[in-house]
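Asker: I'm passing along coords22.cif; it holds mmCIF, C-alpha atoms.
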```cif
data_my_file
#
loop_
_atom_site.label_atom_id
_atom_site.label_comp_id
_atom_site.auth_asym_id
_atom_site.auth_seq_id
_atom_site.Cartn_x
_atom_site.Cartn_y
_atom_site.Cartn_z
CA MET A 909 0.00 0.00 0.00
CA SER A 910 1.31 3.42 -0.93
CA CYS A 911 0.32 6.49 1.03
CA SER A 912 2.09 9.83 0.64
CA LEU A 913 1.55 13.36 1.87
CA SER A 914 1.96 16.29 -0.46
CA ASN A 915 3.98 19.16 1.02
CA SER A 916 4.84 16.88 3.95
CA ASN A 917 8.40 18.14 4.21
CA GLN A 918 7.57 21.81 4.01
CA LEU A 919 5.81 22.66 7.25
CA PRO A 920 5.64 20.96 10.66
CA PHE A 921 2.18 22.41 11.31
CA PHE A 922 -0.84 24.01 9.74
CA SER A 923 -3.72 26.10 11.02
CA GLU A 924 -7.48 25.81 11.14
CA ARG A 925 -9.73 28.85 11.50
CA ALA A 926 -12.84 28.83 13.62
CA SER A 927 -14.56 30.62 10.73
CA THR A 928 -13.85 28.24 7.90
CA ASN A 929 -15.07 30.62 5.21
CA LEU A 930 -11.98 32.80 5.61
CA PRO A 931 -8.89 32.08 3.47
CA PHE A 932 -5.55 30.99 4.86
CA PRO A 933 -2.65 33.06 3.54
CA ASN A 934 0.14 30.59 4.28
CA PHE A 935 -0.89 27.09 5.29
CA THR A 936 -4.24 25.41 4.93
CA THR A 937 -5.84 22.07 5.54
CA SER A 938 -6.32 21.78 1.78
CA SER A 939 -2.55 21.99 1.30
CA PHE A 940 -2.19 18.58 2.90
CA GLN A 941 -3.69 15.90 0.69
CA LEU A 942 -3.40 12.14 1.02
CA HIS A 943 -2.54 10.32 -2.21
CA SER A 944 -2.97 6.58 -2.46
CA ASP A 945 -4.10 3.93 -4.90
CA LYS A 946 -5.63 2.08 -1.95
CA PRO A 947 -7.38 3.40 1.20
CA CYS A 948 -4.88 4.33 3.89
CA ARG A 949 -5.40 2.64 7.23
CA ARG A 950 -3.87 5.60 8.99
CA ARG A 951 -5.49 8.71 7.57
CA LEU A 952 -4.04 12.09 8.34
CA ARG A 953 -6.52 13.99 10.48
CA ALA A 954 -6.14 17.09 8.35
CA LEU A 955 -9.75 18.02 8.96
CA LEU A 956 -9.47 18.35 12.72
CA SER A 957 -11.62 21.38 13.46
CA ILE A 958 -12.30 23.95 16.12
CA GLN A 959 -15.32 21.83 17.03
CA GLU A 960 -13.12 18.80 17.64
CA ILE A 961 -10.48 20.76 19.57
CA PRO A 962 -12.49 23.76 20.81
CA PRO A 963 -10.88 26.79 22.44
CA ASN A 964 -11.83 27.51 26.03
CA ALA A 965 -13.94 30.50 24.99
CA LEU A 966 -16.14 28.26 22.85
CA ARG A 967 -16.36 25.60 25.56
CA ARG A 968 -17.55 28.23 28.00
CA LYS A 969 -20.18 29.44 25.54
CA ASN A 970 -21.47 25.94 24.84
CA ASP A 971 -21.49 24.87 28.48
CA PRO A 972 -21.92 27.62 31.11
CA LEU A 973 -21.16 25.06 33.82
CA TRP A 974 -17.84 24.08 32.26
CA ARG A 975 -14.93 24.58 34.63
CA GLY A 976 -11.22 24.92 34.11
CA GLY A 977 -9.39 25.90 30.99
CA PHE A 978 -7.01 28.72 31.92
CA SER A 979 -5.67 30.74 29.00
CA LEU A 980 -2.43 32.61 28.40
CA GLY A 981 -2.49 35.62 26.06
CA VAL A 982 0.73 36.44 24.22
CA ASP A 983 1.60 39.67 22.42
CA LEU A 984 4.75 38.70 20.51
CA GLY A 985 7.32 41.39 19.80
CA LEU A 986 10.77 41.56 18.27
CA SER A 987 12.42 42.08 21.66
CA ARG A 988 9.57 42.19 24.19
CA SER A 989 6.53 39.97 24.55
CA GLY A 990 3.56 40.81 26.74
CA ILE A 991 1.85 38.04 28.69
CA ALA A 992 -1.66 38.07 30.17
CA LEU A 993 -3.59 35.41 32.07
CA SER A 994 -7.24 34.44 32.13
CA LYS A 995 -8.57 32.37 35.00
CA GLY A 996 -12.32 32.04 34.95
CA PHE A 997 -13.80 35.35 33.83
CA THR A 998 -10.86 37.44 35.02
CA VAL A 999 -8.16 38.65 32.62
CA ARG A 1000 -5.09 40.35 34.03
CA PRO A 1001 -1.65 41.43 32.79
CA LEU A 1002 1.01 39.05 33.98
CA THR A 1003 4.46 40.13 32.81
CA VAL A 1004 6.63 41.36 29.95
CA LEU A 1005 9.36 38.99 28.78
CA GLU A 1006 12.50 40.34 27.14
CA LEU A 1007 13.32 36.99 25.56
CA ARG A 1008 13.40 35.56 22.05
CA GLY A 1009 13.52 32.20 20.34
CA GLN A 1010 13.87 29.05 22.39
CA LYS A 1011 14.31 30.93 25.66
CA LEU A 1012 10.96 32.65 25.16
CA GLU A 1013 9.23 29.41 24.23
CA LEU A 1014 10.59 27.54 27.24
CA ARG A 1015 9.59 30.39 29.54
CA LEU A 1016 6.04 30.35 28.15
CA LEU A 1017 5.83 26.62 28.85
CA GLU A 1018 7.08 27.21 32.38
CA ILE A 1019 4.50 29.94 33.03
CA ALA A 1020 1.75 27.72 31.64
CA GLU A 1021 2.80 24.90 33.95
CA ASN A 1022 2.82 27.18 37.00
CA GLU A 1023 -0.53 28.80 36.15
CA GLU A 1024 -2.27 25.58 35.06
CA VAL A 1025 -2.82 26.93 31.55
CA ASP A 1026 -3.96 24.61 28.76
CA GLU A 1027 -4.09 27.00 25.80
CA PHE A 1028 -2.14 29.94 24.36
CA ILE A 1029 -3.83 32.80 22.51
CA ILE A 1030 -1.18 34.52 20.39
CA GLY A 1031 -1.91 37.88 18.80
CA LEU A 1032 -1.64 37.94 15.01
CA PRO A 1033 -0.70 41.36 13.56
CA LYS A 1034 -2.89 42.65 10.74
CA SER A 1035 -3.25 45.94 8.91
CA TRP A 1036 -6.23 48.25 9.35
CA ASP A 1037 -8.05 46.56 6.44
CA GLY A 1038 -7.61 43.07 7.86
CA LYS A 1039 -4.74 42.04 5.61
CA GLU A 1040 -1.69 40.24 6.92
CA THR A 1041 1.72 41.86 7.00
CA PRO A 1042 5.36 40.68 6.95
CA GLN A 1043 5.16 40.67 10.76
CA SER A 1044 2.20 38.29 10.51
CA ASN A 1045 4.41 35.73 8.79
CA LYS A 1046 7.00 36.00 11.54
CA VAL A 1047 4.38 35.46 14.22
CA ARG A 1048 2.96 32.49 12.32
CA SER A 1049 6.41 30.94 12.15
CA VAL A 1050 6.96 31.33 15.89
CA ALA A 1051 3.45 30.11 16.70
CA GLY A 1052 3.85 27.05 14.51
CA ARG A 1053 7.14 26.04 16.10
CA PHE A 1054 5.76 26.67 19.58
CA ALA A 1055 2.56 24.72 18.85
CA VAL A 1056 4.64 21.58 18.38
CA LEU A 1057 6.22 22.02 21.82
CA ALA A 1058 2.89 22.77 23.46
CA ALA A 1059 1.16 19.81 21.84
CA HIS A 1060 3.52 17.40 23.56
CA ARG A 1061 1.74 18.41 26.78
CA GLY A 1062 -1.72 18.43 25.27
CA TRP A 1063 -1.81 22.24 25.20
CA ARG A 1064 -3.33 24.12 22.28
CA VAL A 1065 -2.13 27.23 20.44
CA TYR A 1066 -4.50 29.65 18.71
CA LEU A 1067 -3.92 32.83 16.71
CA GLN A 1068 -6.17 35.82 17.35
CA ASP A 1069 -6.34 39.03 15.29
CA GLU A 1070 -4.61 41.70 17.40
CA HIS A 1071 -5.11 44.76 15.17
CA GLY A 1072 -5.48 47.86 17.33
CA THR A 1073 -4.78 46.16 20.65
CA SER A 1074 -1.73 48.34 21.42
CA THR A 1075 -3.86 51.48 21.10
CA GLU A 1076 -6.60 49.89 23.18
CA ALA A 1077 -4.00 48.94 25.80
CA THR A 1078 -2.64 52.49 25.99
CA ASN A 1079 -6.14 53.92 26.34
CA ARG A 1080 -6.96 51.40 29.07
CA MET A 1081 -3.88 52.38 31.06
CA ILE A 1082 -4.62 56.10 30.63
CA ASP A 1083 -8.14 55.51 31.95
CA MET A 1084 -6.58 53.70 34.91
CA GLY A 1085 -4.43 56.75 35.66
CA LEU A 1086 -1.09 55.07 35.01
CA ASN A 1087 1.73 57.50 34.28
CA LYS A 1088 3.70 57.51 31.04
CA SER A 1089 6.69 55.63 32.45
CA THR A 1090 4.50 52.83 33.78
CA ARG A 1091 2.55 52.67 30.54
CA GLN A 1092 5.74 52.22 28.52
CA LYS A 1093 6.82 49.32 30.75
CA LYS A 1094 3.46 47.55 30.77
CA VAL A 1095 1.93 48.29 27.38
CA ASP A 1096 2.91 44.87 25.96
CA ALA A 1097 1.29 43.02 28.86
CA TYR A 1098 -1.88 45.10 28.53
CA ALA A 1099 -1.89 44.46 24.77
CA ALA A 1100 -1.95 40.76 25.64
CA VAL A 1101 -4.94 41.51 27.89
CA MET A 1102 -6.70 43.09 24.92
CA VAL A 1103 -5.98 40.01 22.81
CA LEU A 1104 -7.52 37.73 25.44
CA GLU A 1105 -10.53 39.98 25.98
CA ARG A 1106 -11.22 40.10 22.24
CA TYR A 1107 -10.89 36.33 22.02
CA PHE A 1108 -13.37 35.76 24.85
CA SER A 1109 -15.78 38.44 23.66
CA MET A 1110 -15.98 36.62 20.31
CA PHE A 1111 -16.25 33.19 22.01
CA GLY A 1112 -13.22 32.07 20.02
CA GLU A 1113 -14.91 32.86 16.69
CA GLY A 1114 -12.23 33.65 14.11
CA ALA A 1115 -9.40 32.18 16.21
CA GLU A 1116 -7.05 29.87 14.31
CA LEU A 1117 -5.96 26.57 15.73
CA VAL A 1118 -2.27 26.02 14.97
CA LEU A 1119 -2.19 22.30 14.49
CA PRO A 1120 0.98 20.16 14.28
CA LYS A 1121 0.83 17.77 11.37
CA GLN A 1122 2.25 14.87 13.40
CA LEU A 1123 -0.56 12.38 14.05
CA ASP A 1124 0.58 11.55 17.57
CA LEU A 1125 0.55 15.22 18.54
CA GLN A 1126 -2.89 15.71 17.02
CA GLU A 1127 -4.12 12.80 19.12
CA LYS A 1128 -2.61 14.37 22.24
CA LEU A 1129 -4.44 17.59 21.51
CA GLN A 1130 -7.70 15.70 21.15
CA ARG A 1131 -7.15 13.97 24.48
CA GLY A 1132 -6.00 17.19 26.10
CA PRO A 1133 -3.81 17.54 29.19
CA PRO A 1134 -4.33 15.26 32.20
CA MET A 1135 -7.46 16.20 34.12
CA ASP A 1136 -6.91 18.42 37.15
CA ILE A 1137 -8.36 16.67 40.20
CA ASP A 1138 -9.32 20.09 41.61
CA PHE A 1139 -11.82 20.43 38.75
CA TYR A 1140 -12.58 16.77 38.17
CA PRO A 1141 -12.43 15.01 41.57
CA GLU A 1142 -12.79 11.27 41.48
#
```
Using structure tokens, write down the structure that the file contains.
Answerer:
Amino acid sequence: MSCSLSNSNQLPFFSERASTNLPFPNFTTSSFQLHSDKPCRRRLRALLSIQEIPPNALRRKNDPLWRGGFSLGVDLGLSRSGIALSKGFTVRPLTVLELRGQKLELRLLEIAENEEVDEFIIGLPKSWDGKETPQSNKVRSVAGRFAVLAAHRGWRVYLQDEHGTSTEATNRMIDMGLNKSTRQKKVDAYAAVMVLERYFSMFGEGAELVLPKQLDLQEKLQRGPPMDIDFYPE
């Protein structure tokens, strides 16, 4: 039996939008096709959807009694990345990390472990008219690499449109009475807050699941992380 995957050596991941009528600029489920003269016993789950691996915001909408599912918002920058945390219905700025590359990714995993997070909501830069930019491609690259690491623990990574969140963050801090010096230090963390708030206000609609193409990692995402006995006592 012959079973091959087109484009299999190009990308270690692909993404799935919650709104499937929107086009993917870089990687799509349709880019990964199975080719075989005979049915493959082990089919690539290229059609895994938001419904099969729902974000916490959608789970909360569908089941008001659902518990758990802490979320980490990430505003990626060239030298500074803002981090925000959602536990329950509360979103708060957490920290600003002056890290890049592997050090940033490992620190995000560490924070997630400490805060019992099971998903990451990463802001995706877009222009005012909704188009993606060169910075969007950089964020997609980082998010895709990080999604592979996160999936090993059953944690999910989503991309959320972050257009305008820096301005919203600055306005929020001005309304809070924070001085200019404090605003400059914390604007990235508050931008991450805006990303999370937008994600929850839309119930995850429009968020993109960044899905590793490895079958074993997809299966781990479907199973999710081990259940927390605080939320699911025996």
Asker: List as a ChimeraX atom specification the protein and nucleic acid residues near Met1102 (chain A), meaning an atom at most 12 Å away when all atoms listed in the file are counted, but skip any in the same chain fewer than 2 places from it.
Answerer: /A:980-983,990-994,999-1001,1029-1031,1068-1081,1095-1100,1104-1109
Asker: Within 8 Å of Arg1131 (chain A), counting only C-alpha atoms, which residues show up once you throw out same-chain ones fewer than 3 positions away? Write them as number ranges by chain, please.
Answerer: A: 1062, 1127-1128
Asker: Find, counting all atoms listed in the file, the residue in A:Asn1087, A:Gln1010, A:Asn1022, A:Gln1092 that gets nearest to Arg1053 (chain A).
Answerer: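 Of A:Asn1087, A:Gln1010, A:Asn1022, A:Gln1092, the one nearest Arg1053 (chain A), counting all atoms listed in the file, is A:Gln1010.
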Asker: Give the answer as one residue: which of A:Gln1122, A:Leu986, A:Lys995, A:Trp974 has the shortest atom-to-atom distance to Ala1059 (chain A), using all atoms listed in the file?
Answerer: A:Gln1122
Asker: Going by the chain IDs and residue numbers used in this file, which residues fall under the PyMOL selection byres ((chain A and resi 1028) around 9)? Write them as a list of chain:residue names.
Answerer: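 Output of the PyMOL selection byres ((chain A and resi 1028) around 9): A:Ser979, A:Leu980, A:Gly981, A:Val982, A:Ala1020, A:Val1025, A:Asp1026, A:Glu1027, A:Ile1029, A:Ile1030, A:Ala1055, A:Ala1058, A:Trp1063, A:Arg1064, A:Val1065, A:Tyr1066, A:Leu1067.
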